[in-house]
file final_17.cif (mmCIF, C-alpha atoms)
data_data
#
loop_
_atom_site.label_atom_id
_atom_site.label_comp_id
_atom_site.auth_asym_id
_atom_site.auth_seq_id
_atom_site.Cartn_x
_atom_site.Cartn_y
_atom_site.Cartn_z
CA MET A 5 -38.13 -27.93 4.02
CA LYS A 6 -35.41 -27.77 1.41
CA ALA A 7 -33.43 -24.86 0.06
CA ARG A 8 -31.26 -24.97 -3.04
CA VAL A 9 -28.46 -22.43 -3.28
CA HIS A 10 -26.73 -21.64 -6.57
CA ILE A 11 -23.30 -20.00 -6.41
CA PHE A 12 -21.35 -18.61 -9.37
CA TYR A 13 -18.31 -16.43 -9.91
CA LYS A 14 -19.53 -12.86 -10.47
CA ASP A 15 -19.71 -11.80 -14.12
CA SER A 16 -16.67 -9.60 -13.53
CA VAL A 17 -14.56 -12.63 -12.47
CA PHE A 18 -13.21 -14.81 -15.28
CA ASP A 19 -14.33 -18.44 -15.00
CA PRO A 20 -11.61 -20.60 -16.62
CA GLN A 21 -13.60 -23.83 -16.16
CA GLY A 22 -16.66 -22.44 -17.90
CA ASN A 23 -14.50 -20.99 -20.62
CA THR A 24 -12.73 -24.30 -21.28
CA VAL A 25 -15.99 -26.24 -21.37
CA GLY A 26 -17.47 -23.59 -23.69
CA GLU A 27 -14.53 -24.02 -26.08
CA SER A 28 -15.04 -27.81 -26.08
CA LEU A 29 -18.75 -27.45 -26.84
CA SER A 30 -17.90 -25.09 -29.66
CA LYS A 31 -15.37 -27.57 -31.12
CA MET A 32 -18.06 -30.28 -30.90
CA GLY A 33 -20.24 -28.20 -33.18
CA PHE A 34 -22.56 -26.57 -30.66
CA SER A 35 -21.92 -23.20 -32.18
CA LYS A 36 -25.01 -21.61 -30.68
CA VAL A 37 -23.51 -21.76 -27.17
CA LYS A 38 -22.10 -18.30 -26.52
CA LYS A 39 -20.98 -18.51 -22.93
CA VAL A 40 -20.61 -21.17 -20.22
CA ARG A 41 -20.37 -20.46 -16.50
CA ILE A 42 -19.78 -23.25 -14.00
CA GLY A 43 -21.03 -22.87 -10.46
CA ARG A 44 -21.94 -24.86 -7.42
CA VAL A 45 -25.26 -26.12 -6.10
CA ILE A 46 -25.83 -26.64 -2.38
CA ASP A 47 -28.97 -28.32 -1.05
CA LEU A 48 -29.97 -27.62 2.51
CA GLU A 49 -32.51 -29.75 4.33
CA MET A 50 -33.95 -27.62 7.08
CA GLU A 51 -36.63 -27.35 9.68
CA TYR A 52 -38.08 -23.86 9.99
CA PRO A 53 -41.52 -22.80 11.18
CA SER A 54 -41.93 -20.44 8.23
CA LYS A 55 -40.56 -19.86 4.75
CA GLU A 56 -39.66 -16.28 5.67
CA GLU A 57 -37.42 -17.33 8.55
CA ALA A 58 -35.77 -19.95 6.36
CA LYS A 59 -35.06 -17.38 3.65
CA ARG A 60 -33.57 -14.98 6.15
CA ASP A 61 -31.16 -17.60 7.46
CA VAL A 62 -30.25 -18.91 4.00
CA VAL A 63 -29.16 -15.39 3.03
CA LYS A 64 -27.07 -15.13 6.22
CA MET A 65 -25.48 -18.54 5.56
CA CYS A 66 -24.59 -17.49 2.01
CA GLU A 67 -23.10 -14.19 3.12
CA LYS A 68 -21.12 -15.70 5.98
CA LEU A 69 -19.86 -19.00 4.54
CA LEU A 70 -21.46 -20.56 1.48
CA ALA A 71 -20.46 -17.79 -0.96
CA ASN A 72 -17.56 -15.35 -0.97
CA PRO A 73 -19.14 -11.95 -1.73
CA VAL A 74 -15.80 -10.67 -3.08
CA ILE A 75 -15.88 -12.97 -6.10
CA GLU A 76 -19.17 -14.86 -6.05
CA SER A 77 -22.86 -14.14 -6.32
CA PHE A 78 -25.63 -16.44 -5.10
CA LYS A 79 -29.31 -17.08 -5.54
CA TYR A 80 -31.55 -19.55 -3.78
CA GLU A 81 -34.92 -21.18 -3.97
CA ILE A 82 -37.08 -22.84 -1.33
CA LEU A 83 -38.07 -26.14 -2.93
CA GLU A 84 -40.42 -27.85 -0.49
CA CYS A 85 -42.34 -26.67 2.51
CA MET B 19 13.52 -14.83 22.46
CA LEU B 20 10.75 -13.78 20.08
CA LYS B 21 7.88 -16.25 20.15
CA VAL B 22 6.04 -17.43 17.03
CA GLY B 23 2.77 -19.38 16.93
CA VAL B 24 2.19 -21.69 13.95
CA ILE B 25 -1.47 -22.70 13.61
CA THR B 26 -2.36 -26.18 12.42
CA PHE B 27 -5.76 -26.54 10.76
CA PRO B 28 -7.05 -29.97 9.69
CA GLY B 29 -5.34 -30.38 6.32
CA SER B 30 -2.44 -27.98 6.90
CA ASN B 31 0.71 -29.58 5.51
CA CYS B 32 3.34 -26.84 5.67
CA ASP B 33 3.04 -26.34 9.42
CA ASP B 34 6.07 -28.54 10.15
CA ASP B 35 8.12 -26.73 7.48
CA ALA B 36 7.26 -23.38 9.06
CA ILE B 37 8.04 -24.65 12.57
CA ASP B 38 11.37 -26.14 11.48
CA THR B 39 12.46 -23.06 9.52
CA LEU B 40 11.48 -20.53 12.17
CA LYS B 41 12.97 -22.55 15.04
CA ASN B 42 16.17 -23.92 13.54
CA ILE B 43 17.05 -21.29 10.97
CA GLY B 44 15.07 -18.20 11.99
CA GLY B 45 16.10 -18.40 15.63
CA PHE B 46 12.58 -17.91 16.98
CA GLU B 47 10.92 -19.77 19.84
CA VAL B 48 8.05 -21.63 18.17
CA GLU B 49 4.81 -22.99 19.54
CA ASN B 50 2.41 -25.08 17.51
CA LEU B 51 -1.24 -24.01 17.96
CA TRP B 52 -4.37 -26.04 17.20
CA HIS B 53 -7.21 -24.37 15.31
CA LYS B 54 -9.87 -25.41 17.83
CA ASP B 55 -8.08 -23.80 20.75
CA THR B 56 -8.52 -20.19 21.76
CA PRO B 57 -5.26 -19.32 23.54
CA ASP B 58 -4.20 -15.88 24.69
CA LEU B 59 -1.95 -14.71 21.86
CA SER B 60 -0.60 -11.61 23.57
CA SER B 61 2.80 -13.20 24.32
CA PHE B 62 3.41 -13.98 20.62
CA SER B 63 5.37 -11.76 18.24
CA LEU B 64 4.11 -13.48 15.11
CA ILE B 65 1.30 -15.86 14.13
CA VAL B 66 1.79 -18.06 11.05
CA LEU B 67 -1.10 -19.51 9.03
CA PRO B 68 0.72 -22.19 7.04
CA GLY B 69 0.09 -23.65 3.62
CA GLY B 70 -1.83 -26.82 2.89
CA PHE B 71 -5.37 -27.86 2.12
CA SER B 72 -7.36 -26.95 5.22
CA TYR B 73 -10.65 -28.86 5.32
CA GLY B 74 -9.66 -30.52 2.05
CA ASP B 75 -10.32 -27.22 0.23
CA TYR B 76 -14.03 -28.07 0.52
CA LEU B 77 -16.42 -25.27 -0.50
CA ARG B 78 -13.62 -22.74 -1.18
CA CYS B 79 -9.96 -22.79 -0.19
CA GLY B 80 -9.67 -21.42 3.34
CA ALA B 81 -13.41 -20.77 3.77
CA MET B 82 -14.01 -23.14 6.65
CA ALA B 83 -10.66 -22.56 8.34
CA ALA B 84 -11.56 -18.86 8.44
CA CYS B 85 -14.44 -19.83 10.77
CA SER B 86 -12.18 -21.82 13.16
CA PRO B 87 -12.38 -20.82 16.84
CA ILE B 88 -8.76 -19.60 16.87
CA MET B 89 -9.44 -17.11 14.07
CA GLU B 90 -11.37 -14.78 16.39
CA LYS B 91 -8.23 -14.63 18.53
CA VAL B 92 -6.11 -13.99 15.43
CA LYS B 93 -8.41 -11.12 14.39
CA THR B 94 -8.11 -9.50 17.82
CA PHE B 95 -4.33 -10.05 17.80
CA ALA B 96 -4.04 -8.41 14.37
CA SER B 97 -6.32 -5.50 15.32
CA HIS B 98 -3.91 -4.70 18.17
CA GLY B 99 -0.99 -4.59 15.73
CA GLY B 100 0.19 -8.20 16.13
CA PHE B 101 2.08 -9.62 13.14
CA VAL B 102 0.31 -12.31 11.11
CA ILE B 103 1.58 -14.05 7.97
CA GLY B 104 -0.56 -16.31 5.79
CA ILE B 105 1.33 -18.45 3.30
CA CYS B 106 -0.53 -20.02 0.35
CA ASN B 107 -3.57 -21.64 2.04
CA GLY B 108 -2.87 -19.23 4.90
CA PHE B 109 -3.26 -16.31 2.47
CA GLN B 110 -6.57 -17.78 1.30
CA ILE B 111 -7.69 -18.07 4.94
CA LEU B 112 -6.74 -14.43 5.66
CA CYS B 113 -8.79 -13.24 2.67
CA GLU B 114 -11.75 -15.43 3.62
CA ALA B 115 -11.56 -14.12 7.19
CA GLY B 116 -11.61 -10.53 5.95
CA LEU B 117 -8.16 -9.75 7.37
CA LEU B 118 -6.95 -9.01 3.84
CA PRO B 119 -8.93 -7.65 0.88
CA GLY B 120 -9.60 -9.59 -2.32
CA ALA B 121 -9.85 -13.34 -2.91
CA LEU B 122 -7.92 -16.21 -4.50
CA ALA B 123 -9.65 -17.90 -7.43
CA LYS B 124 -8.76 -20.91 -9.62
CA ASN B 125 -5.55 -20.52 -11.63
CA LEU B 126 -6.28 -19.36 -15.14
CA SER B 127 -4.70 -22.52 -16.58
CA LEU B 128 -6.74 -24.70 -14.17
CA ASN B 129 -3.45 -26.48 -13.44
CA PHE B 130 -1.88 -26.98 -10.04
CA ILE B 131 1.41 -25.14 -10.43
CA CYS B 132 4.43 -26.29 -8.43
CA ARG B 133 7.70 -24.56 -9.30
CA ASP B 134 10.04 -21.71 -8.44
CA VAL B 135 8.96 -18.22 -9.51
CA THR B 136 10.73 -14.88 -9.68
CA LEU B 137 9.14 -12.14 -7.62
CA LYS B 138 9.64 -8.41 -7.56
CA ILE B 139 9.51 -6.73 -4.18
CA THR B 140 7.35 -3.65 -4.65
CA HIS B 141 7.92 -1.86 -1.35
CA ASP B 142 10.87 -2.04 1.02
CA ASN B 143 9.09 0.04 3.65
CA THR B 144 7.13 -2.82 5.22
CA PRO B 145 8.25 -4.82 8.27
CA TRP B 146 8.33 -7.89 5.99
CA THR B 147 10.69 -6.40 3.43
CA CYS B 148 12.81 -3.87 5.34
CA GLU B 149 16.02 -5.75 4.50
CA ILE B 150 15.11 -6.13 0.83
CA LYS B 151 15.54 -3.34 -1.71
CA SER B 152 12.53 -2.21 -3.74
CA LEU B 153 12.44 -3.91 -7.13
CA GLU B 154 14.90 -6.57 -5.90
CA GLU B 155 14.05 -9.97 -7.32
CA LEU B 156 13.51 -13.02 -5.12
CA THR B 157 13.11 -16.64 -6.17
CA LEU B 158 10.57 -18.58 -4.12
CA PRO B 159 8.59 -21.76 -4.77
CA ILE B 160 4.83 -21.77 -5.36
CA ALA B 161 2.52 -24.78 -5.14
CA HIS B 162 -1.14 -24.00 -5.65
CA GLY B 163 -4.22 -24.56 -7.80
CA GLU B 164 -6.13 -21.52 -6.60
CA GLY B 165 -3.78 -18.59 -6.39
CA ARG B 166 -5.26 -16.13 -8.89
CA PHE B 167 -5.61 -12.95 -6.87
CA VAL B 168 -8.86 -11.16 -7.68
CA ILE B 169 -10.05 -7.77 -6.49
CA ASP B 170 -12.35 -5.09 -7.96
CA GLU B 171 -10.91 -1.90 -9.45
CA GLU B 172 -11.78 0.19 -6.41
CA GLY B 173 -10.09 -2.34 -4.13
CA TYR B 174 -7.02 -2.37 -6.36
CA GLN B 175 -6.74 1.42 -6.28
CA ASP B 176 -6.97 1.23 -2.51
CA LEU B 177 -4.09 -1.29 -2.43
CA VAL B 178 -1.97 1.02 -4.58
CA LYS B 179 -2.85 4.10 -2.57
CA HIS B 180 -1.83 2.51 0.74
CA GLN B 181 1.24 0.72 -0.71
CA GLN B 182 -0.18 -2.68 0.20
CA ILE B 183 1.12 -4.65 -2.78
CA VAL B 184 4.26 -6.22 -1.33
CA MET B 185 5.34 -8.48 -4.19
CA THR B 186 4.42 -9.21 -7.80
CA TYR B 187 5.27 -12.06 -10.18
CA LYS B 188 7.82 -11.32 -12.87
CA ASN B 189 6.12 -13.88 -15.14
CA ASN B 190 2.57 -14.26 -13.92
CA PRO B 191 1.97 -18.01 -13.42
CA ASN B 192 -1.70 -18.05 -12.41
CA GLY B 193 -3.47 -15.04 -13.94
CA SER B 194 -3.43 -12.90 -10.76
CA LEU B 195 -4.69 -9.38 -11.40
CA TYR B 196 -1.80 -6.94 -11.84
CA ASP B 197 0.63 -9.87 -11.24
CA ILE B 198 -0.04 -9.66 -7.51
CA ALA B 199 1.67 -12.39 -5.45
CA GLY B 200 1.46 -10.92 -1.95
CA ILE B 201 -0.30 -8.08 -0.18
CA CYS B 202 -0.45 -6.65 3.32
CA ASN B 203 -3.17 -4.80 5.20
CA LYS B 204 -3.17 -1.02 5.52
CA THR B 205 -1.28 -1.10 8.82
CA LYS B 206 1.31 -3.52 7.31
CA ASN B 207 1.15 -6.04 10.16
CA VAL B 208 -0.77 -8.72 8.21
CA LEU B 209 0.89 -10.26 5.15
CA GLY B 210 -0.57 -12.81 2.75
CA LEU B 211 1.43 -14.38 -0.07
CA MET B 212 1.12 -17.38 -2.36
CA PRO B 213 4.89 -18.17 -2.56
CA HIS B 214 6.47 -20.18 0.27
CA PRO B 215 9.28 -18.33 2.08
CA GLU B 216 9.47 -21.16 4.66
CA ARG B 217 10.48 -23.60 1.92
CA ALA B 218 13.33 -21.46 0.62
CA THR B 219 15.89 -21.23 3.39
CA GLU B 220 18.42 -24.02 2.79
CA LEU B 221 18.52 -25.67 -0.61
CA ARG B 222 18.29 -24.20 -4.13
CA THR B 223 17.18 -20.75 -3.05
CA ARG B 224 17.58 -19.07 0.32
CA ASP B 225 15.55 -16.00 -0.60
CA GLY B 226 12.84 -16.90 1.90
CA LEU B 227 15.29 -16.00 4.67
CA LYS B 228 15.15 -12.36 3.58
CA ILE B 229 11.50 -12.13 4.57
CA TRP B 230 11.99 -13.84 7.95
CA SER B 231 15.09 -11.83 8.79
CA SER B 232 13.39 -8.57 7.73
CA LEU B 233 10.57 -9.24 10.14
CA LYS B 234 12.94 -10.36 12.89
CA THR B 235 14.97 -7.17 12.54
CA HIS B 236 11.77 -5.14 12.70
CA LEU B 237 10.51 -6.99 15.79
CA GLU B 238 13.85 -6.72 17.60
CA LYS B 239 13.88 -2.96 17.00
CA LYS B 240 10.43 -2.78 18.62
CA VAL B 241 11.64 -4.65 21.72
#
call {"tool": "encode", "arguments": {"input": "final_17.cif", "output": "structure tokens"}}
result
Amino acid sequence: MKARVHIFYKDSVFDPQGNTVGESLSKMGFSKVKKVRIGRVIDLEMEYPSKEEAKRDVVKMCEKLLANPVIESFKYEILEC
Amino acid sequence: MLKVGVITFPGSNCDDDAIDTLKNIGGFEVENLWHKDTPDLSSFSLIVLPGGFSYGDYLRCGAMAACSPIMEKVKTFASHGGFVIGICNGFQILCEAGLLPGALAKNLSLNFICRDVTLKITHDNTPWTCEIKSLEELTLPIAHGEGRFVIDEEGYQDLVKHQQIVMTYKNNPNGSLYDIAGICNKTKNVLGLMPHPERATELRTRDGLKIWSSLKTHLEKKV
């Protein structure tokens, strides 16, 4: 079983990396790009008897370590069962 | 003699500076503590979380160090009124551990900034600043890539209400909200700051001494 976690700064927190990359894309002529946010992807290979139990633990892992709830938000997907 | 514990995490690199300053200049008895140990901290007057790059700054600065075995002991120590200071990476660890509110994000410029900065002391009524006048300016070095203090509006109002903002930057180097450079908890016994007072006690600037001697005076009054 594999889970993929996506972590980004919350919308309320300025992302200087995303902003800089967005400016570069704009200078390169990609004028349709309005906003860039850069985050982090974490893949977890796991062994759980059920998808529900896996989801429950992934949320706990995100809240306790993988993301900082003060400045970051996360979402996840279970890729393979 | 007042006893100080300086914690070394894997990747700490200001632990020796803190030990040297507190022992040879501050006049404290100093013991070096290892992050995996869980010693009884009750005999210590102060615990120092030094600067550096604990766990190589993997995931987020301070995130993994905040889960170290010794941090449970530090939390208990702080909840009983024990004094804890987190400098630079130590500040990041304190925020990650929930001992201080807010978080430290990437500098606005994305640059690692290593230079002296001028700081304004906001409150002289904390144990860390009792020998410094409010609005007095200190010069201390900073050296960090992720020192932009971030907190939501409600959290900021809470900091103001409880007089927890201890120092601000005169010229904000990293984009910290409201120029915040250092904060303490509500009970004032836990301080986190990005500047390095342990690196400013002999050459160039000696302003770091003011923070150590403030705390020492406060602790000696308690004894």
call {"tool": "resolve_selection", "arguments": {"input": "final_17.cif", "expression": "the PyMOL selection byres ((chain A) within 8 of (chain B))", "output": "PDB file with C-alpha atoms, keeping the file's coordinate frame"}}
result
ATOM      1  CA  VAL A  17     -14.560 -12.630 -12.470  1.00  0.00           C
ATOM      2  CA  PRO A  20     -11.610 -20.600 -16.620  1.00  0.00           C
ATOM      3  CA  GLN A  21     -13.600 -23.830 -16.160  1.00  0.00           C
ATOM      4  CA  LEU A  69     -19.860 -19.000   4.540  1.00  0.00           C
ATOM      5  CA  LEU A  70     -21.460 -20.560   1.480  1.00  0.00           C
ATOM      6  CA  ASN A  72     -17.560 -15.350  -0.970  1.00  0.00           C
ATOM      7  CA  VAL A  74     -15.800 -10.670  -3.080  1.00  0.00           C
ATOM      8  CA  ILE A  75     -15.880 -12.970  -6.100  1.00  0.00           C
TER       9      ILE A  75
END
call {"tool": "atom_distance", "arguments": {"input": "final_17.cif", "atom1": "atom CA of Lys228 of chain B", "atom2": "atom CA of Thr39 of chain B"}}
result
12.5 Å
call {"tool": "resolve_selection", "arguments": {"input": "final_17.cif", "expression": "the PyMOL selection byres ((chain B and resi 139) around 10)", "output": "MDAnalysis selection string"}}
result
chainID B and resid 136:138 140:142 147 150:156 183:188 199:200
call {"tool": "atom_distance", "arguments": {"input": "final_17.cif", "atom1": "atom CA of Phe167 of chain B", "atom2": "atom CA of Leu51 of chain B"}}
result
27.5 Å
call {"tool": "residues_around", "arguments": {"input": "final_17.cif", "residues": "segment 205-209 of chain B", "least_positions_apart": "4", "cutoff": "9 Å", "atoms": "all atoms listed in the file", "output": "list in words"}}
result
Ala96, Gly99, Gly100, Phe101, Val102, Ile103, Gly104, Ile105, Phe109, Leu112, Leu117, Leu118, Thr144, Pro145, Trp146, His180, Gln182, Val184, Gly200 and Ile201 of chain B
call {"tool": "residues_around", "arguments": {"input": "final_17.cif", "residues": "Ser30 of chain B", "least_positions_apart": "3", "cutoff": "10 Å", "atoms": "all atoms listed in the file", "output": "number ranges by chain"}}
result
B: 25-27, 33-34, 67-74, 83, 107-108
call {"tool": "atom_distance", "arguments": {"input": "final_17.cif", "atom1": "atom CA of Pro215 of chain B", "atom2": "atom CA of Ile198 of chain B"}}
result
15.9 Å
call {"tool": "axis_aligned_box", "arguments": {"input": "final_17.cif", "around": "segment 47-54 of chain B", "padding_each_side": "3 Å", "output": "lines of an AutoDock Vina configuration file"}}
result
center_x = 0.5
center_y = -22.9
center_z = 17.6
size_x = 26.8
size_y = 12.3
size_z = 10.5
call {"tool": "resolve_selection", "arguments": {"input": "final_17.cif", "expression": "the PyMOL selection byres ((chain A and resi 14) around 8)", "output": "tab-separated table (two decimals) with C-alpha atoms, in the coordinates of the input"}}
result
chain	number	residue	atom	x	y	z
A	12	PHE	CA	-21.35	-18.61	-9.37
A	13	TYR	CA	-18.31	-16.43	-9.91
A	15	ASP	CA	-19.71	-11.80	-14.12
A	16	SER	CA	-16.67	-9.60	-13.53
A	17	VAL	CA	-14.56	-12.63	-12.47
A	75	ILE	CA	-15.88	-12.97	-6.10
A	76	GLU	CA	-19.17	-14.86	-6.05
A	77	SER	CA	-22.86	-14.14	-6.32
call {"tool": "closest_residue", "arguments": {"input": "final_17.cif", "among": "B:Gly226, B:Gly23, B:Pro191, B:Gly210", "to": "Leu59 of chain B", "atoms": "only C-alpha atoms"}}
result
B:Gly23
call {"tool": "closest_residue", "arguments": {"input": "final_17.cif", "among": "A:Cys66, A:Ala71, A:Leu48, A:Val40", "to": "Lys6 of chain A", "atoms": "all atoms listed in the file"}}
result
A:Leu48
call {"tool": "closest_residue", "arguments": {"input": "final_17.cif", "among": "A:Val25, A:Ala7, A:Met65, A:Leu83", "to": "Asp47 of chain A", "atoms": "all atoms listed in the file"}}
result
A:Ala7
call {"tool": "residues_around", "arguments": {"input": "final_17.cif", "residues": "Arg222 of chain B", "least_positions_apart": "3", "cutoff": "12 Å", "atoms": "only C-alpha atoms", "output": "PDB file with C-alpha atoms, keeping the file's coordinate frame"}}
result
ATOM      1  CA  ARG B 133       7.700 -24.560  -9.300  1.00  0.00           C
ATOM      2  CA  ASP B 134      10.040 -21.710  -8.440  1.00  0.00           C
ATOM      3  CA  THR B 157      13.110 -16.640  -6.170  1.00  0.00           C
ATOM      4  CA  LEU B 158      10.570 -18.580  -4.120  1.00  0.00           C
ATOM      5  CA  PRO B 159       8.590 -21.760  -4.770  1.00  0.00           C
ATOM      6  CA  ARG B 217      10.480 -23.600   1.920  1.00  0.00           C
ATOM      7  CA  ALA B 218      13.330 -21.460   0.620  1.00  0.00           C
ATOM      8  CA  THR B 219      15.890 -21.230   3.390  1.00  0.00           C
ATOM      9  CA  ASP B 225      15.550 -16.000  -0.600  1.00  0.00           C
ATOM     10  CA  GLY B 226      12.840 -16.900   1.900  1.00  0.00           C
TER      11      GLY B 226
END
call {"tool": "closest_residue", "arguments": {"input": "final_17.cif", "among": "B:Ser60, B:Asn203, B:Ser97, B:Thr235", "to": "Gly173 of chain B", "atoms": "all atoms listed in the file"}}
result
B:Asn203
call {"tool": "residues_around", "arguments": {"input": "final_17.cif", "residues": "Arg60 of chain A", "least_positions_apart": "5", "cutoff": "12 Å", "atoms": "only C-alpha atoms", "output": "PyMOL selection string"}}
result
chain A and resi 7+52+54-55+65-67+80-82
call {"tool": "closest_residue", "arguments": {"input": "final_17.cif", "among": "B:Leu227, B:Leu221, B:Tyr76, B:Val22", "to": "Asn50 of chain B", "atoms": "only C-alpha atoms"}}
result
B:Val22
